[in-house]
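Structure record follows, encoded as structure tokens.
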Amino acid sequence: MMQEQDLHELAEFVSEGGSVLSLYLHIDPQRRSADETKLSLRRLLAQATEQGASPADVERVERFFEHEYDRQGRAVALFSCQARKTWRGYTLLVPVQNTCYVGSRPYITPLSDLWDNYGRMGVILVDRAARASSSITSAHWRTRSALWGRKSSTTNRAAGRRRSSSATRIRRRGIT
């Protein structure tokens, strides 16, 4: 899961001793087959090699897809600089355009655009049966119970019945 702090760290990272391979891959399983995704990855890695990416960085990206990738999300953003022993991989819930870039800094424009457009939203659900709040980022959906309001609707109904029955008894006693 990517946080805003991760974006800031990438923006500040500069590799003076080597190059940084930045790779964005659209992997939406509903729109692309696994073979199409592998073909796109091969093309991007070939472009990265032409742009001067180190063989260690290309190998690190291949190793990620062979052993570490969990097949979640609709896109992946990867940053590798093996000369400085730096690796970052993010699964994104929003598709991105296939891109690779090799330079002294990570190419974060697509990530910053995503963060600007989908950075953080909130959803609050309140009804008689349940209360919950959700925090949504481009990489994560988190739901938690609300800390306010009544405990549960069944408890409140039972308490209401007790109140109304005692009030009825008081009225009857007063009349008789």
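Here's how to read the names in the structure tokens: chain A, B, ... by the order shown, residue numbers from 1 in each chain, ligand numbers from 1 in the order shown.
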Report as JSON lines: every residue of range 36-97 of chain A with an atom at most 9 Å from range 111-119 of chain A, its closest pair of atoms, and their distance in Å to one decimal, counting only C-alpha atoms, with rows sorted by chain and ascending residue number.
{"residue": "A:Ala77", "atom": "CA", "partner": "A:Leu111", "partner_atom": "CA", "distance": 8.0}
{"residue": "A:Val94", "atom": "CA", "partner": "A:Leu114", "partner_atom": "CA", "distance": 7.9}
{"residue": "A:Val96", "atom": "CA", "partner": "A:Leu114", "partner_atom": "CA", "distance": 8.8}
Based on the backbone DSSP call, show me all residues of range 23-139 of chain A assigned alpha helix (DSSP H), as number ranges by chain. A: 34-50, 55-63, 109-118
Write a file of the just-selected residues containing C-alpha atoms, as an mmCIF file, in the first residue's frame.
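Now in out.cif:
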data_model
loop_
_atom_site.group_PDB
_atom_site.id
_atom_site.type_symbol
_atom_site.label_atom_id
_atom_site.label_comp_id
_atom_site.auth_asym_id
_atom_site.auth_seq_id
_atom_site.Cartn_x
_atom_site.Cartn_y
_atom_site.Cartn_z
ATOM 1 C CA ALA A 34 -1.741 -12.947 -18.472
ATOM 2 C CA ASP A 35 0.020 -13.417 -21.822
ATOM 3 C CA GLU A 36 -0.715 -9.837 -22.890
ATOM 4 C CA THR A 37 0.658 -8.583 -19.590
ATOM 5 C CA LYS A 38 3.853 -10.654 -19.960
ATOM 6 C CA LEU A 39 4.324 -9.369 -23.513
ATOM 7 C CA SER A 40 3.887 -5.764 -22.338
ATOM 8 C CA LEU A 41 6.405 -6.355 -19.560
ATOM 9 C CA ARG A 42 8.969 -7.774 -22.022
ATOM 10 C CA ARG A 43 8.532 -4.735 -24.288
ATOM 11 C CA LEU A 44 8.976 -2.325 -21.371
ATOM 12 C CA LEU A 45 12.089 -4.119 -20.142
ATOM 13 C CA ALA A 46 13.548 -4.039 -23.675
ATOM 14 C CA GLN A 47 12.901 -0.275 -23.789
ATOM 15 C CA ALA A 48 14.513 0.096 -20.367
ATOM 16 C CA THR A 49 17.619 -1.750 -21.578
ATOM 17 C CA GLU A 50 17.806 0.545 -24.619
ATOM 18 C CA PRO A 55 21.007 -5.466 -15.895
ATOM 19 C CA ALA A 56 20.603 -5.776 -12.112
ATOM 20 C CA ASP A 57 17.550 -3.474 -12.191
ATOM 21 C CA VAL A 58 15.977 -5.389 -15.084
ATOM 22 C CA GLU A 59 16.628 -8.658 -13.261
ATOM 23 C CA ARG A 60 15.052 -7.266 -10.072
ATOM 24 C CA VAL A 61 11.857 -6.373 -11.929
ATOM 25 C CA GLU A 62 11.718 -9.843 -13.511
ATOM 26 C CA ARG A 63 12.243 -11.463 -10.105
ATOM 27 C CA THR A 109 4.597 11.994 -12.522
ATOM 28 C CA PRO A 110 2.000 9.213 -13.034
ATOM 29 C CA LEU A 111 1.953 8.503 -9.283
ATOM 30 C CA SER A 112 1.605 12.144 -8.328
ATOM 31 C CA ASP A 113 -1.229 12.536 -10.860
ATOM 32 C CA LEU A 114 -2.975 9.531 -9.319
ATOM 33 C CA TRP A 115 -2.452 10.918 -5.845
ATOM 34 C CA ASP A 116 -3.893 14.298 -6.893
ATOM 35 C CA ASN A 117 -6.952 12.704 -8.497
ATOM 36 C CA TYR A 118 -7.582 9.765 -6.159
#
If you count only C-alpha atoms, which residues fall within 7 Å of Ser19 in chain A, apart from same-chain ones fewer than 2 positions away, as an NGL selection string? :A and (15 or 21 or 53 or 81 or 102-104)
Just checking: using only C-alpha atoms, which residue out of A:Thr86, A:Pro106, A:Glu4, A:Gly18 ends up closest to Gly52 in chain A? A:Gly18
Taking 4 positions as the minimum chain separation for residues in the same chain, which residues sit within 8 Å of Ile108 in chain A when counting only C-alpha atoms? Answer as a ChimeraX atom specification. /A:7,10-11,112
Would you write out those residues with C-alpha atoms, as a short mmCIF file (atom, residue, chain, number, x, y, z; two decimals), in the first residue's frame?
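Result saved to part-v2.cif:
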data_model
loop_
_atom_site.label_atom_id
_atom_site.label_comp_id
_atom_site.auth_asym_id
_atom_site.auth_seq_id
_atom_site.Cartn_x
_atom_site.Cartn_y
_atom_site.Cartn_z
CA LEU A 7 5.62 9.61 -2.72
CA LEU A 10 10.56 8.94 -4.09
CA ALA A 11 10.51 12.62 -5.04
CA SER A 112 1.61 12.14 -8.33
#
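The smallest atom-to-atom distance between Phe79 in chain A and any of A:Gln3, A:Gln30, A:Ser22, A:Gln97, using only C-alpha atoms, is found for A:Ser22.
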